[in-house]
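Chemist: For reference, the file protein.pdb (PDB, C-alpha atoms) is included below:
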ATOM      1  CA  MET A1040       0.000   0.000   0.000  1.00  0.00           C
ATOM      2  CA  ASN A1041       2.835   2.445   0.811  1.00  0.00           C
ATOM      3  CA  LYS A1042       4.350   1.880  -2.675  1.00  0.00           C
ATOM      4  CA  PHE A1043       0.981   2.748  -4.258  1.00  0.00           C
ATOM      5  CA  VAL A1044       0.703   6.007  -2.270  1.00  0.00           C
ATOM      6  CA  ALA A1045       4.292   6.975  -3.139  1.00  0.00           C
ATOM      7  CA  VAL A1046       3.733   6.323  -6.873  1.00  0.00           C
ATOM      8  CA  PHE A1047       0.403   8.187  -6.841  1.00  0.00           C
ATOM      9  CA  LEU A1048       1.951  11.221  -5.129  1.00  0.00           C
ATOM     10  CA  ALA A1049       4.876  11.224  -7.565  1.00  0.00           C
ATOM     11  CA  ILE A1050       2.502  11.195 -10.555  1.00  0.00           C
ATOM     12  CA  VAL A1051       0.271  13.921  -9.106  1.00  0.00           C
ATOM     13  CA  SER A1052       3.206  16.194  -8.243  1.00  0.00           C
ATOM     14  CA  VAL A1053       4.542  16.228 -11.821  1.00  0.00           C
ATOM     15  CA  SER A1054       1.225  16.208 -13.648  1.00  0.00           C
ATOM     16  CA  SER A1055       0.162  19.649 -14.892  1.00  0.00           C
ATOM     17  CA  ALA A1056      -3.469  18.645 -14.583  1.00  0.00           C
ATOM     18  CA  PHE A1057      -3.157  18.787 -10.804  1.00  0.00           C
ATOM     19  CA  GLN A1058      -1.129  21.989 -10.516  1.00  0.00           C
ATOM     20  CA  LEU A1059      -2.741  25.262  -9.594  1.00  0.00           C
ATOM     21  CA  ALA A1060      -2.921  27.789 -12.383  1.00  0.00           C
ATOM     22  CA  PRO A1061      -1.087  31.033 -11.680  1.00  0.00           C
ATOM     23  CA  ALA A1062      -3.316  33.838 -10.427  1.00  0.00           C
ATOM     24  CA  ARG A1063      -4.327  36.212 -13.202  1.00  0.00           C
ATOM     25  CA  ARG A1064      -6.202  39.451 -13.308  1.00  0.00           C
ATOM     26  CA  PRO A1065      -9.545  39.201 -15.067  1.00  0.00           C
ATOM     27  CA  VAL A1066      -9.398  40.311 -18.679  1.00  0.00           C
ATOM     28  CA  ARG A1067     -11.937  42.958 -19.604  1.00  0.00           C
ATOM     29  CA  ALA A1068     -13.696  43.003 -22.927  1.00  0.00           C
ATOM     30  CA  SER A1069     -12.958  46.703 -23.419  1.00  0.00           C
ATOM     31  CA  THR A1070      -9.501  48.147 -23.887  1.00  0.00           C
ATOM     32  CA  ARG A1071      -8.535  50.468 -21.072  1.00  0.00           C
ATOM     33  CA  LEU A1072      -7.045  53.850 -21.761  1.00  0.00           C
ATOM     34  CA  ASN A1073      -3.986  54.711 -19.686  1.00  0.00           C
ATOM     35  CA  VAL A1074      -2.460  58.144 -19.214  1.00  0.00           C
ATOM     36  CA  ASP A1075       1.170  58.416 -18.153  1.00  0.00           C
ATOM     37  CA  LEU A1076       2.351  60.647 -15.304  1.00  0.00           C
ATOM     38  CA  ALA A1077       5.757  61.270 -13.696  1.00  0.00           C
ATOM     39  CA  ASN A1078       7.777  60.689 -16.866  1.00  0.00           C
ATOM     40  CA  GLY A1079       6.148  57.306 -17.374  1.00  0.00           C
ATOM     41  CA  LYS A1080       6.715  56.081 -13.811  1.00  0.00           C
ATOM     42  CA  MET A1081       2.987  56.303 -13.048  1.00  0.00           C
ATOM     43  CA  SER A1082      -0.212  56.046 -15.031  1.00  0.00           C
ATOM     44  CA  PHE A1083      -3.936  56.048 -14.415  1.00  0.00           C
ATOM     45  CA  ASP A1084      -6.965  54.521 -16.053  1.00  0.00           C
ATOM     46  CA  ARG A1085      -9.723  55.794 -13.775  1.00  0.00           C
ATOM     47  CA  VAL A1086     -10.771  59.259 -12.628  1.00  0.00           C
ATOM     48  CA  CYS A1087     -12.497  60.137  -9.382  1.00  0.00           C
ATOM     49  CA  ARG A1088     -14.801  63.068  -8.691  1.00  0.00           C
ATOM     50  CA  GLU A1089     -14.831  63.966  -5.003  1.00  0.00           C
ATOM     51  CA  TRP A1090     -17.623  65.884  -3.262  1.00  0.00           C
ATOM     52  CA  ARG A1091     -16.682  66.948   0.250  1.00  0.00           C
ATOM     53  CA  CYS A1092     -17.798  69.082   3.154  1.00  0.00           C
ATOM     54  CA  LYS A1093     -17.422  69.642   6.870  1.00  0.00           C
ATOM     55  CA  TYR A1094     -20.160  68.562   9.269  1.00  0.00           C
ATOM     56  CA  GLU A1095     -20.869  69.468  12.896  1.00  0.00           C
ATOM     57  CA  GLY A1096     -20.995  67.358  16.009  1.00  0.00           C
ATOM     58  CA  ASP A1097     -19.792  63.981  17.147  1.00  0.00           C
ATOM     59  CA  LYS A1098     -19.744  61.430  14.322  1.00  0.00           C
ATOM     60  CA  ALA A1099     -21.948  59.049  16.321  1.00  0.00           C
ATOM     61  CA  THR A1100     -24.733  61.558  16.989  1.00  0.00           C
ATOM     62  CA  SER A1101     -24.262  64.324  14.407  1.00  0.00           C
ATOM     63  CA  GLU A1102     -27.562  65.541  12.983  1.00  0.00           C
ATOM     64  CA  SER A1103     -25.810  67.149  10.017  1.00  0.00           C
ATOM     65  CA  LEU A1104     -24.013  63.887   9.190  1.00  0.00           C
ATOM     66  CA  GLU A1105     -27.314  62.025   9.503  1.00  0.00           C
ATOM     67  CA  ALA A1106     -28.919  64.473   7.063  1.00  0.00           C
ATOM     68  CA  ILE A1107     -25.997  64.052   4.643  1.00  0.00           C
ATOM     69  CA  ALA A1108     -26.550  60.283   4.787  1.00  0.00           C
ATOM     70  CA  GLY A1109     -30.148  60.843   3.722  1.00  0.00           C
ATOM     71  CA  VAL A1110     -29.046  62.904   0.717  1.00  0.00           C
ATOM     72  CA  VAL A1111     -26.540  60.208  -0.269  1.00  0.00           C
ATOM     73  CA  GLU A1112     -29.276  57.586  -0.068  1.00  0.00           C
ATOM     74  CA  GLU A1113     -31.526  59.742  -2.250  1.00  0.00           C
ATOM     75  CA  PHE A1114     -28.904  60.355  -4.948  1.00  0.00           C
ATOM     76  CA  LEU A1115     -27.008  57.053  -4.907  1.00  0.00           C
ATOM     77  CA  PRO A1116     -28.913  55.404  -7.795  1.00  0.00           C
ATOM     78  CA  ALA A1117     -28.310  58.435 -10.041  1.00  0.00           C
ATOM     79  CA  ILE A1118     -24.640  58.614  -9.028  1.00  0.00           C
ATOM     80  CA  LYS A1119     -24.078  54.937  -9.801  1.00  0.00           C
ATOM     81  CA  ALA A1120     -25.801  55.398 -13.159  1.00  0.00           C
ATOM     82  CA  VAL A1121     -23.071  57.743 -14.482  1.00  0.00           C
ATOM     83  CA  SER A1122     -21.099  54.678 -15.622  1.00  0.00           C
ATOM     84  CA  LYS A1123     -21.798  50.971 -15.540  1.00  0.00           C
ATOM     85  CA  GLU A1124     -18.376  50.643 -13.863  1.00  0.00           C
ATOM     86  CA  ALA A1125     -18.812  53.501 -11.368  1.00  0.00           C
ATOM     87  CA  VAL A1126     -17.488  52.847  -7.868  1.00  0.00           C
ATOM     88  CA  VAL A1127     -18.901  55.078  -5.136  1.00  0.00           C
ATOM     89  CA  THR A1128     -16.986  55.378  -1.857  1.00  0.00           C
ATOM     90  CA  ARG A1129     -18.025  57.258   1.280  1.00  0.00           C
ATOM     91  CA  MET A1130     -15.399  58.561   3.723  1.00  0.00           C
ATOM     92  CA  VAL A1131     -16.088  60.087   7.132  1.00  0.00           C
ATOM     93  CA  CYS A1132     -13.436  61.437   9.489  1.00  0.00           C
ATOM     94  CA  GLY A1133     -14.621  61.858  13.061  1.00  0.00           C
ATOM     95  CA  GLY A1134     -11.488  63.800  14.013  1.00  0.00           C
ATOM     96  CA  CYS A1135     -11.532  66.606  11.449  1.00  0.00           C
ATOM     97  CA  LEU A1136     -15.283  66.302  10.711  1.00  0.00           C
ATOM     98  CA  ASP A1137     -14.796  65.615   6.992  1.00  0.00           C
ATOM     99  CA  PHE A1138     -17.409  63.934   4.858  1.00  0.00           C
ATOM    100  CA  LYS A1139     -16.380  62.824   1.353  1.00  0.00           C
ATOM    101  CA  LEU A1140     -18.230  61.034  -1.400  1.00  0.00           C
ATOM    102  CA  LEU A1141     -15.991  59.776  -4.207  1.00  0.00           C
ATOM    103  CA  THR A1142     -17.241  58.485  -7.544  1.00  0.00           C
ATOM    104  CA  THR A1143     -14.607  56.703  -9.615  1.00  0.00           C
ATOM    105  CA  VAL A1144     -15.210  55.931 -13.286  1.00  0.00           C
ATOM    106  CA  PRO A1145     -13.091  54.519 -16.122  1.00  0.00           C
ATOM    107  CA  LEU A1146     -11.133  57.157 -17.997  1.00  0.00           C
ATOM    108  CA  GLU A1147     -13.228  56.670 -21.146  1.00  0.00           C
ATOM    109  CA  ASP A1148     -16.431  57.456 -19.183  1.00  0.00           C
ATOM    110  CA  PHE A1149     -15.068  60.542 -17.454  1.00  0.00           C
ATOM    111  CA  GLY A1150     -15.194  62.968 -20.412  1.00  0.00           C
ATOM    112  CA  PRO A1151     -18.873  62.355 -21.189  1.00  0.00           C
ATOM    113  CA  TRP A1152     -19.727  62.694 -17.469  1.00  0.00           C
ATOM    114  CA  GLU A1153     -17.731  65.944 -17.246  1.00  0.00           C
ATOM    115  CA  GLU A1154     -19.570  67.307 -20.314  1.00  0.00           C
ATOM    116  CA  LYS A1155     -22.833  66.766 -18.406  1.00  0.00           C
ATOM    117  CA  GLY A1156     -21.539  68.836 -15.465  1.00  0.00           C
ATOM    118  CA  PHE A1157     -20.915  65.703 -13.379  1.00  0.00           C
ATOM    119  CA  ALA A1158     -24.681  65.278 -12.948  1.00  0.00           C
ATOM    120  CA  PRO A1159     -26.168  64.935 -10.377  1.00  0.00           C
ATOM    121  CA  GLU A1160     -23.352  66.920  -8.697  1.00  0.00           C
ATOM    122  CA  SER A1161     -24.991  70.371  -8.607  1.00  0.00           C
ATOM    123  CA  ASP A1162     -28.282  69.044  -7.204  1.00  0.00           C
ATOM    124  CA  PHE A1163     -26.461  66.932  -4.598  1.00  0.00           C
ATOM    125  CA  LEU A1164     -24.269  69.850  -3.499  1.00  0.00           C
ATOM    126  CA  GLU A1165     -27.228  72.224  -3.242  1.00  0.00           C
ATOM    127  CA  LYS A1166     -29.021  69.756  -0.975  1.00  0.00           C
ATOM    128  CA  ILE A1167     -26.083  69.318   1.390  1.00  0.00           C
ATOM    129  CA  LYS A1168     -25.380  73.086   1.444  1.00  0.00           C
ATOM    130  CA  ALA A1169     -28.910  73.561   2.784  1.00  0.00           C
ATOM    131  CA  ILE A1170     -28.240  71.282   5.777  1.00  0.00           C
ATOM    132  CA  GLU A1171     -27.672  73.106   9.065  1.00  0.00           C
ATOM    133  CA  GLY A1172     -24.137  72.420  10.275  1.00  0.00           C
ATOM    134  CA  VAL A1173     -22.657  71.692   6.844  1.00  0.00           C
ATOM    135  CA  SER A1174     -19.883  74.015   5.641  1.00  0.00           C
ATOM    136  CA  VAL A1175     -16.918  74.166   3.261  1.00  0.00           C
ATOM    137  CA  VAL A1176     -18.633  72.309   0.417  1.00  0.00           C
ATOM    138  CA  GLU A1177     -16.053  71.603  -2.302  1.00  0.00           C
ATOM    139  CA  THR A1178     -15.295  69.345  -5.258  1.00  0.00           C
ATOM    140  CA  GLN A1179     -12.102  67.926  -6.705  1.00  0.00           C
ATOM    141  CA  THR A1180     -11.104  65.720  -9.617  1.00  0.00           C
ATOM    142  CA  ILE A1181      -8.423  63.123  -8.873  1.00  0.00           C
ATOM    143  CA  THR A1182      -6.753  60.461 -10.995  1.00  0.00           C
ATOM    144  CA  ASN A1183      -7.050  56.917  -9.724  1.00  0.00           C
ATOM    145  CA  MET A1184      -5.211  53.656 -10.396  1.00  0.00           C
ATOM    146  CA  VAL A1185      -5.553  50.302  -8.686  1.00  0.00           C
ATOM    147  CA  LEU A1186      -2.058  48.942  -8.034  1.00  0.00           C
TER     148      LEU A1186
END
Could you rewrite the structure in this file as structure tokens?
Modeler:
Amino acid sequence: MNKFVAVFLAIVSVSSAFQLAPARRPVRASTRLNVDLANGKMSFDRVCREWRCKYEGDKATSESLEAIAGVVEEFLPAIKAVSKEAVVTRMVCGGCLDFKLLTTVPLEDFGPWEEKGFAPESDFLEKIKAIEGVSVVETQTITNMVL
């Protein structure tokens, strides 16, 4: 019996049918655009639009942060609809009282979204500006690359 086990293990260890395939990134059907930065040492293929503000109060009990959450909930379907590959990320800092909502889209989808004024950006920002305790409402465009 021990000879059988030894022979079986020897066959399995050299047979490619039993070896794990190397990990690979999924291949996308579309060709990604890349833009070089830093003399070719960096590049990006996604762009992020950030909407940010300051809120008042403790993060656990802040009424202004609670109201912001309601606006996010209201607009989230429209935000995600800007690109079928949109990724929406919420960031909250309890120390500096920052709220940020980041929408990242593929580079090829960014231009058309920008041409539409980053809709629904203006409506979203107007709603959060009207919330008591919200201040310093700003936007920023940032390049993004998963490493």
Chemist: May I ask for the distance between CA of Leu1136 (chain A) and CA of Arg1085 (chain A), given in Å to one decimal place?
Modeler: 27.2 Å
Chemist: If the PyMOL selection byres ((chain A and resi 1181) around 6) were run on this exact file, what residues would it hold? Put them as a PyMOL selection string.
Modeler: chain A and resi 1086-1087+1180+1182
Chemist: Once the PyMOL selection byres ((chain A and resi 1083) around 9) has been evaluated on this model, what residues remain selected, and can you format them as a PyMOL selection string?
Modeler: chain A and resi 1072-1076+1081-1082+1084-1086+1146+1182-1185
Chemist: For the PyMOL selection byres ((chain A and resi 1110) around 12), applied here, can you spell out every residue it catches as number ranges by chain?
Modeler: A: 1103-1109, 1111-1118, 1140, 1159-1160, 1162-1170
Chemist: In terms of the shortest atom-to-atom distance over only C-alpha atoms, which of A:Gly1134, A:Thr1178, A:Ser1161, A:Val1144 is closest to Tyr1094 (chain A)?
Modeler: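 Smallest distance to Tyr1094 (chain A) is found for A:Gly1134.
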Chemist: Taking 6 positions as the minimum chain separation for residues in the same chain, which residues sit within 8 Å of Met1130 (chain A) when counting all atoms listed in the file? Answer as a list in words.
Modeler: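 Near neighbours after the sequence-gap exclusion: Asp1137, Phe1138, Lys1139 and Leu1140 of chain A.
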Chemist: Please fill the gaps in region 1153-1179 of chain A so it has N, CA, C and O atoms, and write that as a PDB file, in the coordinates of the input.
Modeler:
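Written out: selection14.pdb:
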ATOM      1  N   GLU A1153     -18.151  64.549 -17.451  1.00  0.00           N
ATOM      2  CA  GLU A1153     -17.731  65.944 -17.246  1.00  0.00           C
ATOM      3  C   GLU A1153     -18.539  66.885 -18.138  1.00  0.00           C
ATOM      4  O   GLU A1153     -18.957  67.965 -17.701  1.00  0.00           O
ATOM      5  N   GLU A1154     -18.781  66.486 -19.386  1.00  0.00           N
ATOM      6  CA  GLU A1154     -19.570  67.307 -20.314  1.00  0.00           C
ATOM      7  C   GLU A1154     -20.989  67.538 -19.797  1.00  0.00           C
ATOM      8  O   GLU A1154     -21.612  68.545 -20.135  1.00  0.00           O
ATOM      9  N   LYS A1155     -21.490  66.630 -18.985  1.00  0.00           N
ATOM     10  CA  LYS A1155     -22.833  66.766 -18.406  1.00  0.00           C
ATOM     11  C   LYS A1155     -22.789  67.468 -17.045  1.00  0.00           C
ATOM     12  O   LYS A1155     -23.769  67.426 -16.296  1.00  0.00           O
ATOM     13  N   GLY A1156     -21.657  68.098 -16.728  1.00  0.00           N
ATOM     14  CA  GLY A1156     -21.539  68.836 -15.465  1.00  0.00           C
ATOM     15  C   GLY A1156     -21.472  67.930 -14.250  1.00  0.00           C
ATOM     16  O   GLY A1156     -21.818  68.340 -13.145  1.00  0.00           O
ATOM     17  N   PHE A1157     -21.020  66.699 -14.454  1.00  0.00           N
ATOM     18  CA  PHE A1157     -20.915  65.703 -13.379  1.00  0.00           C
ATOM     19  C   PHE A1157     -22.264  65.434 -12.704  1.00  0.00           C
ATOM     20  O   PHE A1157     -22.333  65.163 -11.515  1.00  0.00           O
ATOM     21  N   ALA A1158     -23.335  65.518 -13.495  1.00  0.00           N
ATOM     22  CA  ALA A1158     -24.681  65.278 -12.948  1.00  0.00           C
ATOM     23  C   ALA A1158     -24.701  63.950 -12.181  1.00  0.00           C
ATOM     24  O   ALA A1158     -24.100  62.980 -12.638  1.00  0.00           O
ATOM     25  N   PRO A1159     -25.294  63.955 -11.036  1.00  0.00           N
ATOM     26  CA  PRO A1159     -26.168  64.935 -10.377  1.00  0.00           C
ATOM     27  C   PRO A1159     -25.439  65.829  -9.368  1.00  0.00           C
ATOM     28  O   PRO A1159     -26.013  66.232  -8.350  1.00  0.00           O
ATOM     29  N   GLU A1160     -24.177  66.173  -9.649  1.00  0.00           N
ATOM     30  CA  GLU A1160     -23.352  66.920  -8.697  1.00  0.00           C
ATOM     31  C   GLU A1160     -24.015  68.194  -8.183  1.00  0.00           C
ATOM     32  O   GLU A1160     -24.091  68.411  -6.962  1.00  0.00           O
ATOM     33  N   SER A1161     -24.468  69.074  -9.067  1.00  0.00           N
ATOM     34  CA  SER A1161     -24.991  70.371  -8.607  1.00  0.00           C
ATOM     35  C   SER A1161     -26.214  70.208  -7.706  1.00  0.00           C
ATOM     36  O   SER A1161     -26.337  70.892  -6.683  1.00  0.00           O
ATOM     37  N   ASP A1162     -27.105  69.280  -8.043  1.00  0.00           N
ATOM     38  CA  ASP A1162     -28.282  69.044  -7.204  1.00  0.00           C
ATOM     39  C   ASP A1162     -27.883  68.470  -5.844  1.00  0.00           C
ATOM     40  O   ASP A1162     -28.413  68.867  -4.802  1.00  0.00           O
ATOM     41  N   PHE A1163     -26.945  67.528  -5.850  1.00  0.00           N
ATOM     42  CA  PHE A1163     -26.461  66.932  -4.598  1.00  0.00           C
ATOM     43  C   PHE A1163     -25.837  68.004  -3.703  1.00  0.00           C
ATOM     44  O   PHE A1163     -26.145  68.095  -2.512  1.00  0.00           O
ATOM     45  N   LEU A1164     -24.956  68.823  -4.288  1.00  0.00           N
ATOM     46  CA  LEU A1164     -24.269  69.850  -3.499  1.00  0.00           C
ATOM     47  C   LEU A1164     -25.243  70.883  -2.944  1.00  0.00           C
ATOM     48  O   LEU A1164     -25.095  71.335  -1.799  1.00  0.00           O
ATOM     49  N   GLU A1165     -26.229  71.267  -3.736  1.00  0.00           N
ATOM     50  CA  GLU A1165     -27.228  72.224  -3.242  1.00  0.00           C
ATOM     51  C   GLU A1165     -27.980  71.666  -2.041  1.00  0.00           C
ATOM     52  O   GLU A1165     -28.253  72.368  -1.081  1.00  0.00           O
ATOM     53  N   LYS A1166     -28.291  70.382  -2.094  1.00  0.00           N
ATOM     54  CA  LYS A1166     -29.021  69.756  -0.975  1.00  0.00           C
ATOM     55  C   LYS A1166     -28.173  69.719   0.288  1.00  0.00           C
ATOM     56  O   LYS A1166     -28.677  69.982   1.380  1.00  0.00           O
ATOM     57  N   ILE A1167     -26.887  69.376   0.162  1.00  0.00           N
ATOM     58  CA  ILE A1167     -26.083  69.318   1.390  1.00  0.00           C
ATOM     59  C   ILE A1167     -25.725  70.716   1.899  1.00  0.00           C
ATOM     60  O   ILE A1167     -25.576  70.906   3.103  1.00  0.00           O
ATOM     61  N   LYS A1168     -25.628  71.701   1.003  1.00  0.00           N
ATOM     62  CA  LYS A1168     -25.380  73.086   1.444  1.00  0.00           C
ATOM     63  C   LYS A1168     -26.531  73.605   2.286  1.00  0.00           C
ATOM     64  O   LYS A1168     -26.333  74.452   3.154  1.00  0.00           O
ATOM     65  N   ALA A1169     -27.718  73.107   2.057  1.00  0.00           N
ATOM     66  CA  ALA A1169     -28.910  73.561   2.784  1.00  0.00           C
ATOM     67  C   ALA A1169     -29.034  72.926   4.168  1.00  0.00           C
ATOM     68  O   ALA A1169     -29.886  73.332   4.958  1.00  0.00           O
ATOM     69  N   ILE A1170     -28.175  71.969   4.482  1.00  0.00           N
ATOM     70  CA  ILE A1170     -28.240  71.282   5.777  1.00  0.00           C
ATOM     71  C   ILE A1170     -27.555  72.133   6.841  1.00  0.00           C
ATOM     72  O   ILE A1170     -26.411  72.563   6.659  1.00  0.00           O
ATOM     73  N   GLU A1171     -28.257  72.354   7.948  1.00  0.00           N
ATOM     74  CA  GLU A1171     -27.672  73.106   9.065  1.00  0.00           C
ATOM     75  C   GLU A1171     -26.473  72.335   9.610  1.00  0.00           C
ATOM     76  O   GLU A1171     -26.554  71.129   9.855  1.00  0.00           O
ATOM     77  N   GLY A1172     -25.352  73.046   9.759  1.00  0.00           N
ATOM     78  CA  GLY A1172     -24.137  72.420  10.275  1.00  0.00           C
ATOM     79  C   GLY A1172     -23.164  71.968   9.198  1.00  0.00           C
ATOM     80  O   GLY A1172     -22.054  71.544   9.503  1.00  0.00           O
ATOM     81  N   VAL A1173     -23.559  72.057   7.940  1.00  0.00           N
ATOM     82  CA  VAL A1173     -22.657  71.692   6.844  1.00  0.00           C
ATOM     83  C   VAL A1173     -21.964  72.961   6.345  1.00  0.00           C
ATOM     84  O   VAL A1173     -22.598  73.999   6.161  1.00  0.00           O
ATOM     85  N   SER A1174     -20.652  72.875   6.139  1.00  0.00           N
ATOM     86  CA  SER A1174     -19.883  74.015   5.641  1.00  0.00           C
ATOM     87  C   SER A1174     -18.773  73.510   4.717  1.00  0.00           C
ATOM     88  O   SER A1174     -18.577  72.306   4.572  1.00  0.00           O
ATOM     89  N   VAL A1175     -18.066  74.436   4.125  1.00  0.00           N
ATOM     90  CA  VAL A1175     -16.918  74.166   3.261  1.00  0.00           C
ATOM     91  C   VAL A1175     -17.230  73.056   2.245  1.00  0.00           C
ATOM     92  O   VAL A1175     -16.569  72.031   2.182  1.00  0.00           O
ATOM     93  N   VAL A1176     -18.242  73.272   1.446  1.00  0.00           N
ATOM     94  CA  VAL A1176     -18.633  72.309   0.417  1.00  0.00           C
ATOM     95  C   VAL A1176     -17.738  72.541  -0.796  1.00  0.00           C
ATOM     96  O   VAL A1176     -17.694  73.642  -1.344  1.00  0.00           O
ATOM     97  N   GLU A1177     -17.024  71.486  -1.211  1.00  0.00           N
ATOM     98  CA  GLU A1177     -16.053  71.603  -2.302  1.00  0.00           C
ATOM     99  C   GLU A1177     -16.081  70.355  -3.181  1.00  0.00           C
ATOM    100  O   GLU A1177     -16.637  69.322  -2.784  1.00  0.00           O
ATOM    101  N   THR A1178     -15.456  70.482  -4.346  1.00  0.00           N
ATOM    102  CA  THR A1178     -15.295  69.345  -5.258  1.00  0.00           C
ATOM    103  C   THR A1178     -13.842  69.286  -5.704  1.00  0.00           C
ATOM    104  O   THR A1178     -13.104  70.274  -5.634  1.00  0.00           O
ATOM    105  N   GLN A1179     -13.457  68.108  -6.184  1.00  0.00           N
ATOM    106  CA  GLN A1179     -12.102  67.926  -6.705  1.00  0.00           C
ATOM    107  C   GLN A1179     -12.103  66.737  -7.649  1.00  0.00           C
ATOM    108  O   GLN A1179     -12.823  65.756  -7.430  1.00  0.00           O
TER     109      GLN A1179
END
